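Chemist: Input file: query.cif. Contents: mmCIF, C-alpha atoms.
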data_final
loop_
_atom_site.label_atom_id
_atom_site.label_comp_id
_atom_site.auth_asym_id
_atom_site.auth_seq_id
_atom_site.Cartn_x
_atom_site.Cartn_y
_atom_site.Cartn_z
CA GLN A 1 0.00 0.00 0.00
CA ASP A 2 2.85 2.38 0.87
CA VAL A 3 4.50 1.76 -2.50
CA ILE A 4 1.28 2.40 -4.42
CA GLU A 5 0.52 5.59 -2.48
CA ARG A 6 4.01 6.97 -3.11
CA TYR A 7 3.74 6.06 -6.76
CA LEU A 8 0.35 7.78 -7.18
CA LEU A 9 1.62 10.89 -5.39
CA GLY A 10 4.58 11.10 -7.74
CA HIS A 11 7.23 10.33 -5.13
CA SER A 12 10.07 7.83 -5.33
CA ALA A 13 9.28 4.56 -3.62
CA PRO A 14 11.71 3.18 -1.04
CA VAL A 15 14.67 1.49 -2.71
CA GLY A 16 15.47 -2.14 -2.07
CA ARG A 17 12.07 -3.14 -0.66
CA THR A 18 9.00 -4.29 -2.58
CA THR A 19 9.56 -2.12 -5.68
CA SER A 20 11.51 -4.93 -7.35
CA THR A 21 8.70 -7.47 -7.12
CA PRO A 22 7.03 -8.37 -10.44
CA LEU A 23 3.56 -7.54 -9.06
CA VAL A 24 4.51 -3.98 -8.09
CA GLN A 25 6.39 -3.44 -11.36
CA GLU A 26 3.38 -4.63 -13.36
CA LEU A 27 0.98 -2.44 -11.39
CA ALA A 28 3.21 0.61 -11.72
CA SER A 29 3.64 0.03 -15.46
CA ASP A 30 -0.07 -0.37 -16.10
CA LEU A 31 -1.15 2.56 -13.96
CA SER A 32 1.45 4.84 -15.54
CA LYS A 33 -0.49 4.57 -18.79
CA GLY A 34 -3.38 6.41 -17.14
CA ARG A 35 -1.45 8.63 -14.79
CA GLY A 36 -3.24 11.93 -14.33
CA ALA A 37 -6.25 10.82 -16.39
CA GLN A 38 -9.76 11.37 -15.10
CA LEU A 39 -12.30 8.58 -15.13
CA GLY A 40 -14.13 10.16 -18.06
CA GLY A 41 -10.94 9.94 -20.09
CA ILE A 42 -10.41 6.21 -19.65
CA ALA A 43 -14.07 5.15 -19.63
CA GLN A 44 -15.89 4.18 -22.77
CA ALA A 45 -19.15 4.81 -20.94
CA ILE A 46 -20.49 5.62 -17.47
CA PHE A 47 -24.12 4.59 -17.47
CA GLN A 48 -27.22 4.12 -15.35
CA GLY A 49 -29.25 0.98 -14.93
CA LEU A 50 -32.82 -0.07 -15.63
CA ILE A 51 -35.84 2.00 -14.70
CA SER A 52 -38.95 -0.15 -14.90
CA GLY A 53 -41.75 2.13 -13.81
CA GLY A 54 -43.22 -0.91 -12.04
CA ASP A 55 -40.61 -2.37 -9.72
CA PRO A 56 -42.88 -4.60 -7.58
CA LEU A 57 -44.07 -6.42 -10.71
CA LEU A 58 -40.98 -6.34 -12.92
CA TYR A 59 -38.24 -6.90 -10.33
CA LEU A 60 -38.72 -10.30 -8.72
CA ARG A 61 -36.92 -11.95 -5.82
CA GLU A 62 -34.60 -14.73 -6.94
CA ASP A 63 -36.06 -17.08 -4.34
CA SER A 64 -39.71 -16.35 -5.20
CA SER A 65 -42.12 -18.95 -6.51
CA VAL A 66 -42.76 -16.81 -9.59
CA VAL A 67 -39.09 -16.84 -10.59
CA ALA A 68 -38.93 -20.58 -9.96
CA GLU A 69 -41.90 -21.06 -12.30
CA LEU A 70 -40.46 -18.85 -15.05
CA LEU A 71 -36.99 -20.36 -14.89
CA GLY A 72 -38.48 -23.84 -14.74
CA ALA A 73 -40.26 -23.08 -18.01
CA GLY A 74 -36.89 -22.33 -19.64
CA GLU A 75 -37.51 -18.61 -20.03
CA ALA A 76 -34.32 -17.31 -18.41
CA ALA A 77 -33.43 -15.37 -21.58
CA ILE A 78 -35.72 -12.50 -20.53
CA LEU A 79 -35.03 -12.82 -16.79
CA PRO A 80 -31.53 -11.40 -16.31
CA ALA A 81 -29.93 -11.43 -12.87
CA LEU A 82 -30.46 -8.00 -11.33
CA LEU A 83 -28.30 -6.12 -8.85
CA LYS A 84 -29.36 -3.36 -6.48
CA GLY A 85 -27.11 -0.93 -4.67
CA SER A 86 -26.97 -3.05 -1.54
CA ASP A 87 -25.54 -5.92 -3.62
CA ILE A 88 -22.44 -3.88 -4.54
CA LYS A 89 -19.63 -4.46 -2.06
CA ARG A 90 -15.94 -3.79 -2.51
CA TYR A 91 -13.59 -6.74 -2.85
CA VAL A 92 -16.58 -9.08 -3.20
CA ALA A 93 -17.88 -10.60 -6.42
CA PRO A 94 -21.52 -9.57 -6.91
CA THR A 95 -24.35 -11.93 -6.09
CA ALA A 96 -27.83 -11.18 -7.40
CA HIS A 97 -30.93 -11.63 -5.25
CA TRP A 98 -33.32 -10.37 -7.92
CA ARG A 99 -34.43 -11.03 -11.49
CA ALA A 100 -35.79 -8.47 -13.93
CA VAL A 101 -38.61 -9.21 -16.32
CA TYR A 102 -36.87 -7.83 -19.41
CA PRO A 103 -38.83 -8.46 -22.64
CA TYR A 104 -36.10 -7.24 -25.00
CA TYR A 105 -33.63 -8.69 -27.48
CA LEU A 106 -30.63 -7.53 -29.48
CA GLU A 107 -30.89 -6.94 -33.21
CA SER A 108 -27.89 -5.57 -35.11
CA GLY A 109 -26.51 -4.19 -31.85
CA ARG A 110 -29.73 -2.38 -30.92
CA THR A 111 -32.09 -3.10 -28.04
CA ARG A 112 -35.54 -4.10 -29.32
CA LEU A 113 -38.79 -4.73 -27.45
CA PHE A 114 -40.54 -8.02 -28.23
CA GLY A 115 -43.89 -7.53 -29.91
CA GLU A 116 -46.79 -8.92 -27.93
CA ARG A 117 -47.34 -11.86 -30.27
CA GLU A 118 -43.64 -12.73 -30.22
CA LEU A 119 -43.56 -12.50 -26.45
CA ALA A 120 -46.61 -14.74 -26.06
CA SER A 121 -45.22 -17.28 -28.52
CA GLN A 122 -41.60 -17.45 -27.32
CA PHE A 123 -42.14 -16.88 -23.59
CA PRO A 124 -45.68 -18.03 -22.83
CA VAL A 125 -45.24 -18.45 -19.07
CA THR A 126 -43.69 -15.00 -18.61
CA TYR A 127 -46.40 -13.54 -20.84
CA ALA A 128 -49.07 -15.22 -18.72
CA TYR A 129 -47.49 -13.68 -15.61
CA LEU A 130 -47.53 -10.23 -17.23
CA MET A 131 -51.11 -10.69 -18.33
CA ARG A 132 -52.16 -11.36 -14.74
CA HIS A 133 -50.92 -7.87 -13.93
CA ARG A 134 -51.91 -6.10 -17.13
CA VAL A 135 -54.25 -3.64 -15.41
CA GLN A 136 -51.53 -2.41 -13.04
CA LEU A 137 -48.88 -2.29 -15.73
CA SER A 138 -51.19 -0.46 -18.15
CA SER A 139 -51.90 2.20 -15.53
CA ARG A 140 -48.27 3.36 -15.46
CA GLY A 141 -47.22 6.58 -17.11
CA SER A 142 -48.76 9.97 -17.63
CA GLU A 143 -49.23 12.54 -20.38
CA ARG A 144 -45.45 12.95 -20.48
CA MET A 145 -44.62 9.28 -19.97
CA ASN A 146 -45.82 7.09 -22.79
CA TYR A 147 -44.69 3.47 -22.65
CA PRO A 148 -44.15 1.78 -26.04
CA ALA A 149 -46.17 -1.19 -24.75
CA TRP A 150 -48.05 -1.97 -21.55
CA TYR A 151 -45.36 -4.51 -20.52
CA ALA A 152 -42.34 -2.36 -21.47
CA LEU A 153 -39.79 -0.88 -19.09
CA TRP A 154 -39.55 2.89 -18.92
CA CYS A 155 -35.77 2.84 -19.53
CA PRO A 156 -34.45 -0.54 -20.73
CA ARG A 157 -30.99 0.90 -21.46
CA ASP A 158 -28.48 -0.60 -23.88
CA MET A 159 -28.71 -4.38 -23.68
CA ALA A 160 -25.28 -4.92 -25.27
CA ARG A 161 -23.67 -2.66 -22.69
CA LEU A 162 -25.43 -4.41 -19.82
CA ARG A 163 -24.17 -7.77 -21.07
CA ALA A 164 -20.55 -6.62 -21.32
CA PRO A 165 -17.85 -6.67 -18.59
CA LYS A 166 -18.12 -3.58 -16.40
CA ILE A 167 -17.15 -2.02 -13.11
CA LEU A 168 -20.12 -1.44 -10.82
CA THR A 169 -20.61 1.06 -8.02
CA GLN A 170 -23.48 2.27 -5.87
CA VAL A 171 -25.25 5.52 -6.74
CA LEU A 172 -25.00 6.53 -3.07
CA ALA A 173 -22.31 5.09 -0.82
CA ARG A 174 -20.62 6.14 2.43
CA ARG A 175 -17.27 4.88 1.14
CA PRO A 176 -15.86 3.66 -2.18
CA SER A 177 -17.72 0.47 -3.08
CA PHE A 178 -16.72 -0.88 -6.47
CA THR A 179 -16.89 -4.40 -7.85
CA PHE A 180 -16.38 -6.07 -11.23
CA ASP A 181 -18.88 -7.92 -13.42
CA GLN A 182 -16.27 -9.89 -15.33
CA GLN A 183 -18.56 -11.79 -17.69
CA GLY A 184 -21.39 -9.29 -18.13
CA ASP A 185 -23.73 -11.52 -16.16
CA PHE A 186 -25.69 -8.79 -14.40
CA SER A 187 -28.18 -6.08 -15.17
CA PHE A 188 -28.76 -3.47 -12.47
CA VAL A 189 -31.27 -0.91 -11.32
CA GLY A 190 -30.85 2.79 -11.97
CA GLY A 191 -31.83 5.94 -10.13
CA GLY A 192 -32.90 6.47 -6.54
CA ASN A 193 -31.05 5.51 -3.39
CA ALA A 194 -30.79 1.84 -4.38
CA GLY A 195 -29.34 2.42 -7.82
CA VAL A 196 -26.09 1.34 -9.46
CA TYR A 197 -23.76 2.87 -12.03
CA GLY A 198 -21.84 0.87 -14.62
CA ILE A 199 -18.39 1.85 -15.90
CA ALA A 200 -17.06 0.37 -19.12
CA LEU A 201 -13.38 1.08 -19.73
CA LYS A 202 -11.96 1.72 -23.19
CA PRO A 203 -10.56 -1.58 -24.55
CA SER A 204 -7.73 0.30 -26.21
CA TYR A 205 -6.48 1.66 -22.92
CA GLY A 206 -4.69 -1.56 -22.09
CA VAL A 207 -5.18 -1.53 -18.31
CA SER A 208 -7.01 -4.27 -16.43
CA PRO A 209 -10.17 -3.03 -14.66
CA ARG A 210 -8.94 -4.92 -11.59
CA HIS A 211 -6.02 -2.52 -11.25
CA TYR A 212 -8.43 0.39 -10.96
CA LEU A 213 -10.54 -1.55 -8.47
CA ALA A 214 -7.40 -1.96 -6.33
CA ILE A 215 -7.12 1.78 -5.83
#
Could you spell out this file's structure in structure tokens?
Modeler:
Amino acid sequence: QDVIERYLLGHSAPVGRTTSTPLVQELASDLSKGRGAQLGGIAQAIFQGLISGGDPLLYLREDSSVVAELLGAGEAAILPALLKGSDIKRYVAPTAHWRAVYPYYLESGRTRLFGERELASQFPVTYAYLMRHRVQLSSRGSERMNYPAWYALWCPRDMARLRAPKILTQVLARRPSFTFDQQGDFSFVGGGNAGVYGIALKPSYGVSPRHYLAI
């Protein structure tokens, strides 16, 4: 820690101690590529998570009977693992306790909403669940908030970005709390006190996201 702090402050590290170890040399070499850079300069994107407009119906507990039914029907493709702010802890790989009902797919790199017939045909059990709550879902919105469909999310975000590796942090935190979604396994909620931000680093920058997590 002392070596890293001296390095980041621009001082010479103590000679003859840990500076000769391969780990410290690698860390110093990688970090020097971004020395003095702000996060916005090394990030490809800093982005918010999902906003459903109907959290109690579209964000479901992982251990609920509804999720068990939907997953048992083989419809996991539109039930991504979902993280909330309380799931983001530093030095700990994320674990999701929620699933989002996310009726979207990727087409030519763009996020598309399933049409109602497609949804009913490809995901009949999830569609039946949504139909049971159609009245509540249809009542969302206002004159300024028009949903593209009664089962749509208000802000589905960029599906390709959500499925990519990313650093995650809480919207509100008392101390730095960052973790890494290495495989792009998780979606996350946006906005409010329980929200999460995603940070995608520029691939061309050549520095492992884990090195930034370390500091």
Chemist: Nearest to A:Gly184 among A:Arg157, A:Lys89, A:Lys166, A:His97, with distances taken over all atoms listed in the file: which residue is it?
Modeler: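 Ranked by minimum distance to A:Gly184, first place goes to A:Lys166.
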Chemist: What lies within 10 Å of stretch 146-152 of chain A using only C-alpha atoms, ignoring chain neighbours under 2 positions off, as a VMD selection string?
Modeler: chain A and resid 52 to 54 58 101 to 104 113 to 116 127 130 to 131 133 to 144 154 to 156
Chemist: Calculate how many Å separate atom CA of A:Ala100 from atom CA of A:Leu50, rounding to one decimal.
Modeler: 9.1 Å
Chemist: For the file shown, what are the residues hit by the PyMOL selection byres ((chain A and resi 160) around 12), laid out as a PyMOL selection string?
Modeler: chain A and resi 104-112+156-159+161-166+184-187+200
Chemist: In Å, how far is it from atom CA of A:Gly85 to atom CA of A:Val171?
Modeler: 7.0 Å
Chemist: Can you tell me how far atom CA of A:Gly191 sits from atom CA of A:Ala96, in Å to one decimal?
Modeler: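 Computed distance, atom CA of A:Gly191 to atom CA of A:Ala96, equals 17.8 Å.
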Chemist: Would you please work out which residue, of A:Ser64, A:Ser86, A:Ser208, A:Gln122, is nearest to A:Ala173 when using all atoms listed in the file?
Modeler: A:Ser86
Chemist: Rank nothing, just name the residue among A:Tyr91, A:Phe188, A:Tyr212, A:Tyr129 nearest to A:Phe47, using all atoms listed in the file.
Modeler: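 Among the listed residues, A:Phe188 lies closest to A:Phe47.
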Chemist: Could you list as a list in words every residue that has an atom within 9 Å of (-10.2, -4.2, -6.5), using the file's coordinates and counting all atoms listed in the file?
Modeler: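 Here the neighbourhood of the point contains Arg90, Tyr91, Val92, Phe178, Thr179, Phe180, Pro209, Arg210, His211, Tyr212, Leu213, Ala214 and Ile215 of chain A.
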Chemist: Between A:Leu60, A:Leu71, A:Met145, A:Ile42, which is the closest to A:Trp98 once you count only C-alpha atoms?
Modeler: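 The shortest atom-to-atom distance to A:Trp98 comes from A:Leu60.
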Chemist: Given the choices A:Gln44, A:Gln183, A:Ser177, A:Thr126, which gets closest to A:Leu201 if the distance is worked out from only C-alpha atoms?
Modeler: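 Using only C-alpha atoms, A:Leu201 sits closest to A:Gln44.
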Chemist: Given 6 Å of margin on each side, can you work out the centre and size in Å (one decimal) of an axis-aligned box holding every listed atom of stretch 155-172 of chain A, as JSON?
Modeler:
{"center_x": -26.5, "center_y": -0.6, "center_z": -14.2, "size_x": 30.6, "size_y": 26.3, "size_z": 34.2}
Chemist: Just checking: using only C-alpha atoms, which residue out of A:Phe123, A:Glu118, A:Gly40, A:Arg175 ends up closest to A:Gly74?
Modeler: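 Smallest separation from A:Gly74 among the options: A:Phe123.
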Chemist: Which residues, named as in the file, does the PyMOL selection byres ((chain A and resi 198) around 6) pick out? Answer as a list in words.
Modeler: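 Residues picked by the PyMOL selection byres ((chain A and resi 198) around 6): Ile46, Phe47, Ile167, Leu168, Tyr197 and Ile199 of chain A.
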